[in-house]
Amino acid sequence: MKRLIIVTGSSRGIGRSIALELNRIYDRESAFLLLARDLDSLESVKNQMVIDSEAKNQIHLVQIDFSAQYEMTDYFSILKNTFTSTQVEKFREVIAIYNHGTLEFGSVSLIAQENLRQKFETNLFSIWSFLSALNLFIPATLTPKQTHVNISSGYANEPVANWSGHCCARSARDMLFKCFALEQPGFKILNYEPGIVYTDMLKQACQFSTDYKGIKLFKKNRIEFHLKYSKEGYNNGKFTKPEDTARKLVEIIRANTFATGSKIKF
């Protein structure tokens with residue numbers, strides 16, 4: 001296999017669609033590593049990928065809870081136990097999509113009373129540790145052609161009442177990848193904002209925002225407009241399908257014309 005493709009949080013939603021789209025485009029000589037909590041859903045994704053690629057790609061699954069406080073060495077061990085040194089030496093390209101994350105709601109004071117470490121473990125620290133482990137496992141000296149994509153959020157740049165946990169974690173994730181871009185100028189590093197996507201996470205946001213009236217202000221093309229999250233909005237088809245934003249991201253990766261360290265919105 002000449003290409004390694006990693007997608008975290010790939011059992012459902014955006015991550016699932018990204019894995020399927022990458023497998024559709026890179027349907028030969030690619031090794032996939034899919035990581036998520038739900039093994040049954042991962043198996044379902046794998047089965048579809050095997051069909052789509054006519055079994056010409058290798059697909060490895062790892063069941064993992066990113067909220068557990070794994071160290072960088074733990075993630076390194078996962079990589080080492082999945083791929084042999086001979087396999088790693090044959091990789092000519094790495095594409096890694098850091099998609100996993102959760103929504104955290106509540107006031108600044110309320111969030112502080114809960115387990116902040118666990119919340120930020122999922123949304124920031126696990127990504128930092130996994131990114132570091134991968135950078136050590138397959139350094140630029142071994143495979144210089146690498147693309148690393150953080151699945152970002154509009155909340156990384158917009159403060160929202162009762163969303164401090166989510167806003168802070170997403171903002172920090174964006175900055176992490178910007179710093180990584182400066183440290184690895186030969187890599188292509190991207191923060192990708194997927195839009196407002198039909199996922200289980202969106203359902204959760206819709207319910208929360210129904211309880212906390214009128215909390216969201218989005219910006220598009222520097223023009224401000226209000227988008228009220230609601231169950232009605234969800235049902236009326238105002239949002240993006242996972243497969244559409246996944247297709248757009250893969251097009252961006254393939255074109256390879258973006259400036260490293262930049263942010264692109266759907």
# chains A, B, ... in the order shown; residues from 1 in each chain; ligands from 1
>>> closest_atom_pairs(of="region 116-203 of chain A", to="region 90-97 of chain A", cutoff="6 Å", atoms="only C-alpha atoms", output="JSON lines")
{"residue": "A:Thr143", "atom": "CA", "partner": "A:Arg92", "partner_atom": "CA", "distance": 5.8}
{"residue": "A:Lys145", "atom": "CA", "partner": "A:Glu93", "partner_atom": "CA", "distance": 5.0}
{"residue": "A:Gln146", "atom": "CA", "partner": "A:Val94", "partner_atom": "CA", "distance": 4.6}
{"residue": "A:Thr147", "atom": "CA", "partner": "A:Ile95", "partner_atom": "CA", "distance": 4.8}
{"residue": "A:His148", "atom": "CA", "partner": "A:Ala96", "partner_atom": "CA", "distance": 4.9}
{"residue": "A:Val149", "atom": "CA", "partner": "A:Ile97", "partner_atom": "CA", "distance": 4.8}
>>> write_last_selection(atoms="all heavy atoms", output="mmCIF file, in the first residue's frame")
data_model
loop_
_atom_site.group_PDB
_atom_site.id
_atom_site.type_symbol
_atom_site.label_atom_id
_atom_site.label_comp_id
_atom_site.auth_asym_id
_atom_site.auth_seq_id
_atom_site.Cartn_x
_atom_site.Cartn_y
_atom_site.Cartn_z
ATOM 1 N N THR A 143 8.176 10.172 5.157
ATOM 2 C CA THR A 143 7.101 10.427 4.190
ATOM 3 C C THR A 143 6.821 11.923 4.159
ATOM 4 O O THR A 143 6.027 12.441 4.955
ATOM 5 C CB THR A 143 5.813 9.661 4.576
ATOM 6 O OG1 THR A 143 6.117 8.278 4.772
ATOM 7 C CG2 THR A 143 4.749 9.790 3.492
ATOM 8 N N LYS A 145 5.242 13.769 1.964
ATOM 9 C CA LYS A 145 3.941 14.187 1.440
ATOM 10 C C LYS A 145 2.845 13.828 2.440
ATOM 11 O O LYS A 145 2.411 12.674 2.511
ATOM 12 C CB LYS A 145 3.660 13.530 0.088
ATOM 13 C CG LYS A 145 2.382 14.043 -0.573
ATOM 14 C CD LYS A 145 2.140 13.398 -1.939
ATOM 15 C CE LYS A 145 0.882 13.949 -2.588
ATOM 16 N NZ LYS A 145 0.603 13.329 -3.907
ATOM 17 N N GLN A 146 2.431 14.811 3.230
ATOM 18 C CA GLN A 146 1.426 14.574 4.254
ATOM 19 C C GLN A 146 0.405 15.713 4.271
ATOM 20 O O GLN A 146 0.759 16.887 4.141
ATOM 21 C CB GLN A 146 2.071 14.446 5.634
ATOM 22 C CG GLN A 146 3.022 13.271 5.769
ATOM 23 C CD GLN A 146 3.339 12.943 7.213
ATOM 24 O OE1 GLN A 146 2.544 13.206 8.121
ATOM 25 N NE2 GLN A 146 4.506 12.362 7.438
ATOM 26 N N THR A 147 -0.852 15.347 4.454
ATOM 27 C CA THR A 147 -1.947 16.302 4.595
ATOM 28 C C THR A 147 -2.665 16.015 5.907
ATOM 29 O O THR A 147 -3.088 14.884 6.145
ATOM 30 C CB THR A 147 -2.950 16.185 3.425
ATOM 31 O OG1 THR A 147 -2.268 16.398 2.196
ATOM 32 C CG2 THR A 147 -4.064 17.212 3.582
ATOM 33 N N HIS A 148 -2.785 17.037 6.757
ATOM 34 C CA HIS A 148 -3.460 16.892 8.042
ATOM 35 C C HIS A 148 -4.607 17.895 8.110
ATOM 36 O O HIS A 148 -4.392 19.105 7.916
ATOM 37 C CB HIS A 148 -2.483 17.141 9.198
ATOM 38 C CG HIS A 148 -1.363 16.145 9.257
ATOM 39 N ND1 HIS A 148 -1.394 15.032 10.075
ATOM 40 C CD2 HIS A 148 -0.181 16.086 8.583
ATOM 41 C CE1 HIS A 148 -0.270 14.342 9.909
ATOM 42 N NE2 HIS A 148 0.474 14.966 9.008
ATOM 43 N N VAL A 149 -5.814 17.392 8.356
ATOM 44 C CA VAL A 149 -7.007 18.234 8.334
ATOM 45 C C VAL A 149 -7.734 18.167 9.671
ATOM 46 O O VAL A 149 -8.125 17.084 10.128
ATOM 47 C CB VAL A 149 -7.973 17.811 7.215
ATOM 48 C CG1 VAL A 149 -9.213 18.710 7.210
ATOM 49 C CG2 VAL A 149 -7.284 17.852 5.858
#
>>> residues_around(residues="region 59-61 of chain A", least_positions_apart="4", cutoff="9 Å", atoms="only C-alpha atoms", output="PyMOL selection string")
chain A and resi 30-36+39+42-43+46+49-50+82
>>> residues_around(residues="Leu182 (chain A)", least_positions_apart="4", cutoff="9 Å", atoms="only C-alpha atoms", output="compact mmCIF listing (two decimals) with C-alpha atoms, in the first residue's frame")
# COMPACT_ATOMS: atom_id res chain seq x y z
CA PHE A 177 -2.95 23.10 13.54
CA LYS A 178 -1.77 26.60 12.63
CA THR A 260 -0.97 25.45 4.52
CA GLY A 261 -2.24 26.56 7.91
>>> closest_residue(among="A:Met1, A:Ile253, A:Thr86, A:Phe76", to="Asp27 (chain A)", atoms="only C-alpha atoms")
A:Met1
>>> residues_around(residues="Arg37 (chain A)", least_positions_apart="2", cutoff="8 Å", atoms="only C-alpha atoms", output="NGL selection string")
:A and (9 or 11 or 35 or 39 or 63-66)
>>> write_last_selection(atoms="C-alpha atoms", output="PDB file, in the first residue's frame")
ATOM      1  CA  GLY A   9     -14.595   9.702  14.640  1.00  0.00           C
ATOM      2  CA  SER A  11     -18.313   5.607  12.621  1.00  0.00           C
ATOM      3  CA  LEU A  35     -11.009   5.099  14.838  1.00  0.00           C
ATOM      4  CA  LEU A  39     -17.242  -0.819  16.734  1.00  0.00           C
ATOM      5  CA  GLN A  63     -12.318   0.978  18.827  1.00  0.00           C
ATOM      6  CA  ILE A  64     -11.312   3.808  21.125  1.00  0.00           C
ATOM      7  CA  ASP A  65     -12.831   6.269  23.560  1.00  0.00           C
ATOM      8  CA  PHE A  66     -11.016   9.557  23.012  1.00  0.00           C
TER       9      PHE A  66
END
>>> select_by_dssp(residues="region 69-164 of chain A", states="strand (DSSP E)", output="list in words")
Glu93, Val94, Ile95, Ala96, Ile97, Tyr98, Gln146, Thr147, His148, Val149, Asn150 and Ile151 of chain A
>>> residues_around(residues="Arg12 (chain A)", least_positions_apart="2", cutoff="10 Å", atoms="only C-alpha atoms", output="PyMOL selection string")
chain A and resi 9-10+14-19+36+38+41-42+44-45+199-200+242
>>> write_last_selection(atoms="N, CA and C atoms", output="PDB file, in the first residue's frame")
ATOM      1  N   GLY A   9     -13.154   9.446  14.540  1.00  0.00           N
ATOM      2  CA  GLY A   9     -14.595   9.702  14.640  1.00  0.00           C
ATOM      3  C   GLY A   9     -15.316   9.321  13.360  1.00  0.00           C
ATOM      4  N   SER A  10     -14.959   8.147  12.828  1.00  0.00           N
ATOM      5  CA  SER A  10     -15.402   7.771  11.476  1.00  0.00           C
ATOM      6  C   SER A  10     -16.560   6.784  11.454  1.00  0.00           C
ATOM      7  N   ILE A  14     -20.194  13.119   9.797  1.00  0.00           N
ATOM      8  CA  ILE A  14     -19.200  13.665   8.878  1.00  0.00           C
ATOM      9  C   ILE A  14     -18.030  12.704   8.694  1.00  0.00           C
ATOM     10  N   GLY A  15     -17.542  12.132   9.784  1.00  0.00           N
ATOM     11  CA  GLY A  15     -16.394  11.229   9.698  1.00  0.00           C
ATOM     12  C   GLY A  15     -16.667  10.027   8.819  1.00  0.00           C
ATOM     13  N   ARG A  16     -17.846   9.452   8.964  1.00  0.00           N
ATOM     14  CA  ARG A  16     -18.237   8.309   8.123  1.00  0.00           C
ATOM     15  C   ARG A  16     -18.249   8.711   6.655  1.00  0.00           C
ATOM     16  N   SER A  17     -18.846   9.844   6.358  1.00  0.00           N
ATOM     17  CA  SER A  17     -18.937  10.294   4.968  1.00  0.00           C
ATOM     18  C   SER A  17     -17.558  10.609   4.387  1.00  0.00           C
ATOM     19  N   ILE A  18     -16.678  11.176   5.201  1.00  0.00           N
ATOM     20  CA  ILE A  18     -15.318  11.467   4.731  1.00  0.00           C
ATOM     21  C   ILE A  18     -14.572  10.171   4.418  1.00  0.00           C
ATOM     22  N   ALA A  19     -14.701   9.179   5.296  1.00  0.00           N
ATOM     23  CA  ALA A  19     -14.036   7.899   5.057  1.00  0.00           C
ATOM     24  C   ALA A  19     -14.534   7.253   3.767  1.00  0.00           C
ATOM     25  N   ALA A  36     -12.974   5.036  16.273  1.00  0.00           N
ATOM     26  CA  ALA A  36     -14.201   5.558  16.877  1.00  0.00           C
ATOM     27  C   ALA A  36     -14.589   4.657  18.043  1.00  0.00           C
ATOM     28  N   ASP A  38     -17.764   3.319  18.532  1.00  0.00           N
ATOM     29  CA  ASP A  38     -18.788   2.336  18.171  1.00  0.00           C
ATOM     30  C   ASP A  38     -18.235   1.343  17.149  1.00  0.00           C
ATOM     31  N   SER A  41     -20.692   0.184  14.275  1.00  0.00           N
ATOM     32  CA  SER A  41     -20.834   1.180  13.214  1.00  0.00           C
ATOM     33  C   SER A  41     -19.579   1.254  12.362  1.00  0.00           C
ATOM     34  N   LEU A  42     -18.407   1.090  12.987  1.00  0.00           N
ATOM     35  CA  LEU A  42     -17.161   1.046  12.216  1.00  0.00           C
ATOM     36  C   LEU A  42     -17.156  -0.144  11.257  1.00  0.00           C
ATOM     37  N   SER A  44     -19.701  -1.493   9.911  1.00  0.00           N
ATOM     38  CA  SER A  44     -20.619  -1.163   8.823  1.00  0.00           C
ATOM     39  C   SER A  44     -19.942  -0.282   7.782  1.00  0.00           C
ATOM     40  N   VAL A  45     -19.171   0.700   8.245  1.00  0.00           N
ATOM     41  CA  VAL A  45     -18.427   1.566   7.332  1.00  0.00           C
ATOM     42  C   VAL A  45     -17.412   0.746   6.542  1.00  0.00           C
ATOM     43  N   THR A 199     -26.291  15.896  11.394  1.00  0.00           N
ATOM     44  CA  THR A 199     -25.662  14.825  12.165  1.00  0.00           C
ATOM     45  C   THR A 199     -26.386  14.700  13.503  1.00  0.00           C
ATOM     46  N   ASP A 200     -26.025  13.674  14.264  1.00  0.00           N
ATOM     47  CA  ASP A 200     -26.572  13.543  15.612  1.00  0.00           C
ATOM     48  C   ASP A 200     -26.168  14.730  16.470  1.00  0.00           C
ATOM     49  N   PRO A 242     -23.985  15.381   5.203  1.00  0.00           N
ATOM     50  CA  PRO A 242     -22.596  14.939   5.457  1.00  0.00           C
ATOM     51  C   PRO A 242     -21.836  14.580   4.191  1.00  0.00           C
TER      52      PRO A 242
END
>>> residues_around(residues="region 169-172 of chain A", least_positions_apart="2", cutoff="12 Å", atoms="only C-alpha atoms", output="MDAnalysis selection string")
chainID A and resid 98:104 116:128 150:159 163:167 174:179 191:193 263
